[in-house]
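Enquirer: My structure file coords25.pdb, PDB, C-alpha atoms, pLDDT in the B column, is below:
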```
ATOM      1  CA  MET A  77       0.000   0.000   0.000  1.00 42.00           C
ATOM      2  CA  LYS A  78       1.266   3.487  -0.822  1.00 46.00           C
ATOM      3  CA  ASN A  79       2.393   5.936   1.862  1.00 44.00           C
ATOM      4  CA  SER A  80       0.393   8.934   0.624  1.00 50.00           C
ATOM      5  CA  TRP A  81      -3.101  10.118   1.364  1.00 60.00           C
ATOM      6  CA  ASP A  82      -5.914   9.972  -1.174  1.00 87.00           C
ATOM      7  CA  GLY A  83      -8.078  12.473   0.669  1.00 91.00           C
ATOM      8  CA  VAL A  84      -8.008  15.231   3.219  1.00 94.00           C
ATOM      9  CA  LYS A  85     -10.678  16.884   5.355  1.00 93.00           C
ATOM     10  CA  GLY A  86     -10.514  19.922   7.588  1.00 94.00           C
ATOM     11  CA  ILE A  87     -12.189  20.818  10.837  1.00 93.00           C
ATOM     12  CA  VAL A  88     -12.457  24.592  10.469  1.00 96.00           C
ATOM     13  CA  ARG A  89     -12.784  26.029  13.959  1.00 94.00           C
ATOM     14  CA  LYS A  90     -14.188  29.440  14.717  1.00 95.00           C
ATOM     15  CA  ASN A  91     -14.198  30.032  18.445  1.00 90.00           C
ATOM     16  CA  ASP A  92     -15.642  26.846  19.938  1.00 89.00           C
ATOM     17  CA  HIS A  93     -17.583  25.894  16.792  1.00 93.00           C
ATOM     18  CA  MET A  94     -16.757  23.926  13.666  1.00 92.00           C
ATOM     19  CA  LEU A  95     -17.898  24.459  10.087  1.00 95.00           C
ATOM     20  CA  VAL A  96     -20.230  21.781   8.757  1.00 93.00           C
ATOM     21  CA  LEU A  97     -21.193  21.693   5.083  1.00 94.00           C
ATOM     22  CA  VAL A  98     -24.371  20.108   3.738  1.00 93.00           C
ATOM     23  CA  ARG A  99     -24.108  18.330   0.381  1.00 92.00           C
ATOM     24  CA  GLN A 100     -26.797  18.657  -2.289  1.00 93.00           C
ATOM     25  CA  ASN A 101     -28.165  15.230  -1.242  1.00 91.00           C
ATOM     26  CA  GLY A 102     -28.509  16.420   2.387  1.00 90.00           C
ATOM     27  CA  THR A 103     -25.563  14.536   3.906  1.00 88.00           C
ATOM     28  CA  LEU A 104     -23.122  16.314   6.183  1.00 90.00           C
ATOM     29  CA  ASP A 105     -19.581  16.986   5.058  1.00 91.00           C
ATOM     30  CA  LEU A 106     -16.388  18.713   6.060  1.00 93.00           C
ATOM     31  CA  PRO A 107     -14.369  20.875   3.670  1.00 96.00           C
ATOM     32  CA  GLY A 108     -11.804  18.841   1.804  1.00 95.00           C
ATOM     33  CA  GLY A 109     -11.286  16.461  -1.038  1.00 94.00           C
ATOM     34  CA  ARG A 110      -8.696  14.684  -3.116  1.00 93.00           C
ATOM     35  CA  VAL A 111      -4.953  15.151  -2.724  1.00 93.00           C
ATOM     36  CA  GLU A 112      -3.588  15.611  -6.250  1.00 92.00           C
ATOM     37  CA  ASN A 113      -0.298  14.056  -7.460  1.00 90.00           C
ATOM     38  CA  GLY A 114       2.678  16.035  -6.157  1.00 90.00           C
ATOM     39  CA  GLU A 115       0.510  18.038  -3.745  1.00 92.00           C
ATOM     40  CA  SER A 116       1.110  18.052   0.006  1.00 93.00           C
ATOM     41  CA  VAL A 117      -1.796  17.275   2.329  1.00 93.00           C
ATOM     42  CA  LYS A 118      -1.809  20.831   3.697  1.00 95.00           C
ATOM     43  CA  SER A 119      -1.673  22.377   0.209  1.00 95.00           C
ATOM     44  CA  ALA A 120      -4.543  20.157  -0.925  1.00 95.00           C
ATOM     45  CA  LEU A 121      -6.640  21.132   2.082  1.00 97.00           C
ATOM     46  CA  GLN A 122      -5.896  24.846   1.584  1.00 97.00           C
ATOM     47  CA  ARG A 123      -7.004  24.555  -2.051  1.00 97.00           C
ATOM     48  CA  GLU A 124     -10.144  22.595  -1.190  1.00 97.00           C
ATOM     49  CA  ILE A 125     -11.203  24.982   1.595  1.00 98.00           C
ATOM     50  CA  ASP A 126     -10.732  27.938  -0.741  1.00 97.00           C
ATOM     51  CA  GLU A 127     -12.725  26.227  -3.534  1.00 97.00           C
ATOM     52  CA  GLU A 128     -15.548  25.009  -1.290  1.00 97.00           C
ATOM     53  CA  THR A 129     -15.929  27.901   1.166  1.00 97.00           C
ATOM     54  CA  GLY A 130     -13.769  30.880   0.206  1.00 97.00           C
ATOM     55  CA  LEU A 131     -12.563  31.127   3.817  1.00 97.00           C
ATOM     56  CA  LYS A 132      -9.048  32.033   4.888  1.00 97.00           C
ATOM     57  CA  VAL A 133      -7.746  29.503   7.411  1.00 97.00           C
ATOM     58  CA  GLU A 134      -4.546  28.490   9.134  1.00 96.00           C
ATOM     59  CA  ILE A 135      -3.972  24.754   8.829  1.00 96.00           C
ATOM     60  CA  HIS A 136      -2.655  22.935  11.878  1.00 93.00           C
ATOM     61  CA  ASP A 137      -1.739  19.367  12.637  1.00 87.00           C
ATOM     62  CA  PRO A 138      -3.642  16.185  11.796  1.00 88.00           C
ATOM     63  CA  VAL A 139      -6.251  15.178  14.364  1.00 86.00           C
ATOM     64  CA  GLY A 140      -7.389  11.891  12.851  1.00 83.00           C
ATOM     65  CA  GLU A 141      -7.013   9.316  10.112  1.00 85.00           C
ATOM     66  CA  TRP A 142      -9.813   7.537   8.276  1.00 85.00           C
ATOM     67  CA  SER A 143     -10.554   5.161   5.425  1.00 84.00           C
ATOM     68  CA  PHE A 144     -13.539   3.790   3.568  1.00 81.00           C
ATOM     69  CA  TYR A 145     -14.284   1.764   0.450  1.00 81.00           C
ATOM     70  CA  LYS A 146     -15.645   3.921  -2.361  1.00 78.00           C
ATOM     71  CA  ASN A 147     -16.498   0.675  -4.127  1.00 80.00           C
ATOM     72  CA  PRO A 148     -15.385  -2.920  -3.472  1.00 83.00           C
ATOM     73  CA  ASP A 149     -12.069  -2.372  -5.264  1.00 83.00           C
ATOM     74  CA  ARG A 150     -11.219   1.201  -4.196  1.00 83.00           C
ATOM     75  CA  LEU A 151     -10.021   2.013  -0.681  1.00 85.00           C
ATOM     76  CA  ILE A 152      -9.869   5.740   0.083  1.00 85.00           C
ATOM     77  CA  ARG A 153      -7.415   6.698   2.845  1.00 89.00           C
ATOM     78  CA  GLY A 154      -7.390  10.136   4.354  1.00 89.00           C
ATOM     79  CA  VAL A 155      -6.446  12.433   7.142  1.00 90.00           C
ATOM     80  CA  THR A 156      -8.399  15.143   8.966  1.00 90.00           C
ATOM     81  CA  LEU A 157      -6.540  18.292   9.967  1.00 92.00           C
ATOM     82  CA  GLU A 158      -7.524  21.006  12.400  1.00 92.00           C
ATOM     83  CA  CYS A 159      -7.810  24.498  10.904  1.00 95.00           C
ATOM     84  CA  ALA A 160      -8.266  27.883  12.562  1.00 95.00           C
ATOM     85  CA  TYR A 161     -10.665  30.320  10.901  1.00 97.00           C
ATOM     86  CA  LEU A 162      -8.910  33.568  10.024  1.00 97.00           C
ATOM     87  CA  ASP A 163     -11.225  35.614   7.818  1.00 96.00           C
ATOM     88  CA  GLY A 164     -14.063  35.632   5.318  1.00 96.00           C
ATOM     89  CA  LYS A 165     -17.694  34.719   4.850  1.00 96.00           C
ATOM     90  CA  VAL A 166     -18.641  31.257   3.648  1.00 96.00           C
ATOM     91  CA  LYS A 167     -19.266  31.191  -0.108  1.00 96.00           C
ATOM     92  CA  LEU A 168     -20.426  27.714  -1.013  1.00 96.00           C
ATOM     93  CA  CYS A 169     -19.553  25.957  -4.252  1.00 94.00           C
ATOM     94  CA  ALA A 170     -22.128  23.951  -6.216  1.00 94.00           C
ATOM     95  CA  GLU A 171     -21.188  20.787  -4.305  1.00 93.00           C
ATOM     96  CA  HIS A 172     -22.896  22.051  -1.129  1.00 94.00           C
ATOM     97  CA  LYS A 173     -26.293  23.654  -0.559  1.00 94.00           C
ATOM     98  CA  ARG A 174     -25.823  25.115   2.925  1.00 94.00           C
ATOM     99  CA  HIS A 175     -23.593  25.264   5.979  1.00 95.00           C
ATOM    100  CA  PHE A 176     -23.759  25.830   9.725  1.00 94.00           C
ATOM    101  CA  TRP A 177     -21.389  26.309  12.640  1.00 95.00           C
ATOM    102  CA  ALA A 178     -21.800  23.459  15.141  1.00 92.00           C
ATOM    103  CA  PRO A 179     -20.536  23.564  18.736  1.00 91.00           C
ATOM    104  CA  MET A 180     -17.402  21.457  19.108  1.00 86.00           C
ATOM    105  CA  GLU A 181     -19.097  19.523  21.911  1.00 83.00           C
ATOM    106  CA  SER A 182     -21.623  18.239  19.368  1.00 82.00           C
ATOM    107  CA  ILE A 183     -19.054  16.548  17.110  1.00 78.00           C
ATOM    108  CA  GLU A 184     -19.974  13.004  18.131  1.00 75.00           C
ATOM    109  CA  HIS A 185     -23.679  13.721  17.627  1.00 79.00           C
ATOM    110  CA  LEU A 186     -23.455  14.913  14.030  1.00 80.00           C
ATOM    111  CA  ASN A 187     -24.494  12.361  11.452  1.00 79.00           C
ATOM    112  CA  PHE A 188     -21.789  12.397   8.758  1.00 76.00           C
ATOM    113  CA  ASN A 189     -22.153   9.901   5.917  1.00 67.00           C
ATOM    114  CA  ARG A 190     -18.476   8.939   6.311  1.00 68.00           C
ATOM    115  CA  ASN A 191     -16.479   8.709   9.507  1.00 68.00           C
ATOM    116  CA  PHE A 192     -14.004  11.565   9.023  1.00 63.00           C
ATOM    117  CA  LEU A 193     -13.844  12.114  12.784  1.00 66.00           C
ATOM    118  CA  PRO A 194     -12.633   8.922  14.503  1.00 57.00           C
ATOM    119  CA  ASN A 195     -10.578   9.266  17.676  1.00 52.00           C
ATOM    120  CA  LEU A 196      -9.849  12.971  17.277  1.00 55.00           C
ATOM    121  CA  LYS A 197      -6.869  14.391  19.127  1.00 52.00           C
ATOM    122  CA  PHE A 198      -6.859  18.199  19.369  1.00 50.00           C
ATOM    123  CA  ARG A 199      -4.012  20.416  20.506  1.00 46.00           C
ATOM    124  CA  LYS A 200      -4.431  21.751  24.027  1.00 42.00           C
ATOM    125  CA  ASP A 201      -4.368  25.378  22.860  1.00 44.00           C
ATOM    126  CA  SER A 202      -6.962  24.825  20.138  1.00 43.00           C
ATOM    127  CA  PHE A 203     -10.099  25.333  22.190  1.00 37.00           C
ATOM    128  CA  TYR A 204     -11.547  28.793  21.799  1.00 32.00           C
ATOM    129  CA  ARG A 205     -14.461  30.367  23.617  1.00 28.00           C
ATOM    130  CA  SER A 206     -17.382  32.255  22.130  1.00 29.00           C
ATOM    131  CA  GLN A 207     -20.823  33.536  23.022  1.00 28.00           C
ATOM    132  CA  MET A 208     -22.081  32.613  19.526  1.00 32.00           C
ATOM    133  CA  ASP A 209     -25.457  30.865  19.391  1.00 34.00           C
ATOM    134  CA  VAL A 210     -25.789  28.206  16.728  1.00 38.00           C
ATOM    135  CA  LEU A 211     -28.966  26.535  15.563  1.00 39.00           C
ATOM    136  CA  LEU A 212     -28.533  23.042  14.168  1.00 41.00           C
ATOM    137  CA  PRO A 213     -31.116  21.743  11.699  1.00 44.00           C
ATOM    138  CA  LEU A 214     -33.089  18.866  13.201  1.00 41.00           C
ATOM    139  CA  ASP A 215     -32.697  16.674  10.131  1.00 45.00           C
ATOM    140  CA  LEU A 216     -28.899  16.802  10.379  1.00 44.00           C
ATOM    141  CA  MET A 217     -28.477  15.430  13.868  1.00 42.00           C
ATOM    142  CA  LYS A 218     -28.672  11.983  15.364  1.00 42.00           C
ATOM    143  CA  SER A 219     -31.848  11.481  17.359  1.00 38.00           C
ATOM    144  CA  GLU A 220     -30.268  11.299  20.814  1.00 41.00           C
ATOM    145  CA  ASN A 221     -28.237  14.420  21.393  1.00 38.00           C
ATOM    146  CA  PRO A 222     -27.770  15.661  24.969  1.00 38.00           C
ATOM    147  CA  MET A 223     -25.081  18.180  23.948  1.00 38.00           C
ATOM    148  CA  ILE A 224     -27.179  20.297  21.565  1.00 34.00           C
ATOM    149  CA  THR A 225     -30.113  22.476  22.535  1.00 30.00           C
ATOM    150  CA  LEU A 226     -32.276  23.615  19.666  1.00 28.00           C
ATOM    151  CA  GLN A 227     -33.952  26.978  19.981  1.00 26.00           C
TER     152      GLN A 227
END
```
What does this structure look like when you write it as structure tokens?
Expert:
Amino acid sequence: MKNSWDGVKGIVRKNDHMLVLVRQNGTLDLPGGRVENGESVKSALQREIDEETGLKVEIHDPVGEWSFYKNPDRLIRGVTLECAYLDGKVKLCAEHKRHFWAPMESIEHLNFNRNFLPNLKFRKDSFYRSQMDVLLPLDLMKSENPMITLQ
């Protein structure tokens, strides 16, 4: 097996919230995509975040690794990196129909179609505090969710 990553995803953090994208089919997603030949993981993620959201971010260290079978013969391996929001308003590409900022505490309760978030390990200085209120759409959450209060 090769020693490079096929895919990369980013947890874009703004205060104590993370950016969640919603695909056209309604499934949840993180910014990211394919790592092109000759491209570093961080360069690929920077490109993908710019293409998918238009946000300026600072990319930090990996916080998790993942894999899944795209079809029976194609294993996709990837890495999720933590990113700090720097500037900009989200401008979605055609791949996604909406977005929301979810509290970091709700990570395990979000229903992603792929497991891009297994066994996350964040840096100690990466937790930010905010008074921001975030509303999460009911159809995007798992049914049992003690960490999220909908208003």
Enquirer: Here is a test: counting all atoms listed in the file, which residue of A:Val84, A:Ile152, A:Ala178, A:Ala170 is nearest to Ser116 in chain A?
Expert: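 Closest to Ser116 in chain A of all the choices is A:Val84.
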Enquirer: Using all atoms listed in the file for the distances, tell me which of A:Val88, A:Leu168, A:Leu104, A:Val96 is nearest to Val139 in chain A.
Expert: A:Val88
Enquirer: What lies within 9 Å of Gly83 in chain A using all atoms listed in the file, ignoring chain neighbours under 5 positions off, as a JSON list (two decimals) with C-alpha atoms, in the coordinates of the input?
Expert:
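Wrote selection_34.json, looks like this:
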```
[["chain", "number", "residue", "atom", "x", "y", "z"],
["A", 108, "GLY", "CA", -11.80, 18.84, 1.80],
["A", 109, "GLY", "CA", -11.29, 16.46, -1.04],
["A", 110, "ARG", "CA", -8.70, 14.68, -3.12],
["A", 111, "VAL", "CA", -4.95, 15.15, -2.72],
["A", 112, "GLU", "CA", -3.59, 15.61, -6.25],
["A", 117, "VAL", "CA", -1.80, 17.27, 2.33],
["A", 120, "ALA", "CA", -4.54, 20.16, -0.92],
["A", 121, "LEU", "CA", -6.64, 21.13, 2.08],
["A", 152, "ILE", "CA", -9.87, 5.74, 0.08],
["A", 153, "ARG", "CA", -7.42, 6.70, 2.84],
["A", 154, "GLY", "CA", -7.39, 10.14, 4.35],
["A", 155, "VAL", "CA", -6.45, 12.43, 7.14],
["A", 156, "THR", "CA", -8.40, 15.14, 8.97]]
```
Enquirer: Closest to Leu131 in chain A among A:Asp105, A:Asp163, A:Glu171, A:Glu184, using only C-alpha atoms?
Expert: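 That would be A:Asp163, the residue with the smallest distance to Leu131 in chain A.
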Enquirer: Just the number, please: distance in Å from CA of Ile125 in chain A to CA of Glu181 in chain A, one decimal.
Expert: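 Spanning CA of Ile125 in chain A to CA of Glu181 in chain A is a straight-line distance of 22.5 Å.
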Enquirer: Interatomic distance between CA of Ser143 in chain A and CA of Ala160 in chain A?
Expert: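 Interatomic distance, CA of Ser143 in chain A to CA of Ala160 in chain A: 23.9 Å.
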Enquirer: Calculate how many Å separate CA of Cys169 in chain A from CA of Asn91 in chain A, rounding to one decimal.
Expert: 23.7 Å
Enquirer: So, with only C-alpha atoms as the atoms that count, which of A:Leu106, A:Leu157, A:Val166, A:Leu95 lies closest to Ile135 in chain A?
Expert: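 When distances to Ile135 in chain A are compared using only C-alpha atoms, the smallest one comes from A:Leu157.
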